[in-house]
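Accompanying notes for the structure given below.
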Amino acid sequence: NAGVTQTPKFRVLKTGQSMTLLCAQDMNHEYMYWYRQDPGMGLRLIHYSVGEGTTAKGEVPDGYNVSRLKKQNFLLGLESAAPSQTSVYFCASSSRPTGVGNQPQHFGDGTRLSIL
Amino acid sequence: GQQLNQSPQSMFIQEGEDVSMNCTSSSIFNTWLWYKQDPGEGPVLLIALYKAGELTSNGRLTAQFGITRKDSFLNISASIPSDVGIYFCAGSGSARQLTFGSGTQLTVLP
């Protein structure tokens, strides 16, 4: 009963370093999302994917890239990390687009990323 | 972009009391969702609303989709210690992307 799994759970980077966050879901969902959560704010959509091989920009895409080579995985990359990217990152998945029928998004437990 | 105003930002209540929180939007939504987030975990869906005027319950939780489609509220009756956490509203409009409120931090005092 894994659902949505994010790795790693914690990471500390230096400014300018690169890294990739992995999101894996075992529910055969078509749609996957990456959000960031900052103190006192709700989740903000970074990028999303409507199916294998597709990606699209969300509300705050700058400084991030994503890839969806396999249906079950959605990768979030930071090419050159900046302190402003210190945040908690959440991945989510859904079988249908948000708002279509009773198929809401399911979230992972988050990746806590600190950029020094 | 769409904006959600969620209030209150935080609440301190006595165990057994009822709680109410709400969200208002600057634009019309087709879907309202209410999530709860515990420390160190991702948001977990509590209630989903898909029709204007819809009133839905999940145990001690009740949520309504406002008639104007620009607001929603969540009520928790007879609060218990495990209700502690951050509650988020989220709405989806024509773009079918979720916009989240800033959250309501709920503390239940014994």
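By order in the structure tokens, chains are A, B, ...; within a chain, residues start at 1; ligands start at 1, following the order shown.
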For Ala56 (chain A), work out the shell of residues within 8 Å, counting only C-alpha atoms and skipping chain neighbours fewer than 3 positions away, then give it as a PyMOL selection string. chain A and resi 47-49
Selection to disk with N, CA, C and O atoms, as a compact mmCIF listing (two decimals), in the first residue's frame:
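Below is the file out_15.txt, written as the result:
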# COMPACT_ATOMS: atom_id res chain seq x y z
N HIS A 47 5.45 22.06 -11.57
CA HIS A 47 5.23 21.44 -12.88
C HIS A 47 4.25 20.28 -12.69
O HIS A 47 4.09 19.78 -11.58
N TYR A 48 3.66 19.86 -13.80
CA TYR A 48 2.80 18.69 -13.74
C TYR A 48 2.90 17.91 -15.04
O TYR A 48 3.50 18.38 -16.03
N SER A 49 2.32 16.72 -15.02
CA SER A 49 2.36 15.85 -16.19
C SER A 49 1.01 15.18 -16.36
O SER A 49 0.43 14.69 -15.38
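The chain B residues that come within 6 Å of chain A are Thr31, Glu41, Gly42, Arg96, Phe100, Gly101 and Ser102 of chain B, with only C-alpha atoms taken into account.
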Applying 8 Å and only C-alpha atoms, which residues near Asn30 (chain B) remain after dropping the ones on its own chain fewer than 5 positions away? List them as a list in words. Gly99 of chain A; Tyr50, Lys51, Ala52, Arg69, Gly91, Ser92, Gly93 and Ser94 of chain B
For those residues, write N, CA and C atoms to a file as a PDB file, in the first residue's frame.
ATOM      1  N   GLY A  99     -10.873  17.838 -10.571  1.00  0.00           N
ATOM      2  CA  GLY A  99     -12.178  18.392 -10.879  1.00  0.00           C
ATOM      3  C   GLY A  99     -13.006  17.503 -11.766  1.00  0.00           C
TER       4      GLY A  99
ATOM      5  N   TYR B  50     -18.032  18.672  -5.374  1.00  0.00           N
ATOM      6  CA  TYR B  50     -18.018  18.834  -6.822  1.00  0.00           C
ATOM      7  C   TYR B  50     -19.216  19.602  -7.367  1.00  0.00           C
ATOM      8  N   LYS B  51     -20.181  19.948  -6.507  1.00  0.00           N
ATOM      9  CA  LYS B  51     -21.362  20.660  -6.981  1.00  0.00           C
ATOM     10  C   LYS B  51     -21.673  21.831  -6.083  1.00  0.00           C
ATOM     11  N   ALA B  52     -22.044  22.967  -6.688  1.00  0.00           N
ATOM     12  CA  ALA B  52     -22.432  24.133  -5.912  1.00  0.00           C
ATOM     13  C   ALA B  52     -23.597  23.784  -5.000  1.00  0.00           C
ATOM     14  N   ARG B  69     -20.094  29.447  -5.758  1.00  0.00           N
ATOM     15  CA  ARG B  69     -18.929  28.690  -6.241  1.00  0.00           C
ATOM     16  C   ARG B  69     -17.611  29.396  -5.939  1.00  0.00           C
ATOM     17  N   GLY B  91      -8.944  24.553  -4.370  1.00  0.00           N
ATOM     18  CA  GLY B  91      -9.990  24.668  -5.367  1.00  0.00           C
ATOM     19  C   GLY B  91      -9.432  24.480  -6.759  1.00  0.00           C
ATOM     20  N   SER B  92     -10.317  24.059  -7.632  1.00  0.00           N
ATOM     21  CA  SER B  92      -9.930  23.848  -9.026  1.00  0.00           C
ATOM     22  C   SER B  92     -10.960  24.501  -9.922  1.00  0.00           C
ATOM     23  N   GLY B  93     -10.453  25.277 -10.901  1.00  0.00           N
ATOM     24  CA  GLY B  93     -11.355  25.938 -11.835  1.00  0.00           C
ATOM     25  C   GLY B  93     -11.226  25.341 -13.217  1.00  0.00           C
ATOM     26  N   SER B  94     -11.353  26.188 -14.215  1.00  0.00           N
ATOM     27  CA  SER B  94     -11.338  25.703 -15.592  1.00  0.00           C
ATOM     28  C   SER B  94      -9.983  25.136 -15.997  1.00  0.00           C
TER      29      SER B  94
END
Identify all residues of chain A in strand (DSSP E) (DSSP on the backbone) and supply them as a PyMOL selection string. chain A and resi 4-7+10-13+19-25+31-37+43-49+56-57+65-67+73-78+87-94+106-107+111-115
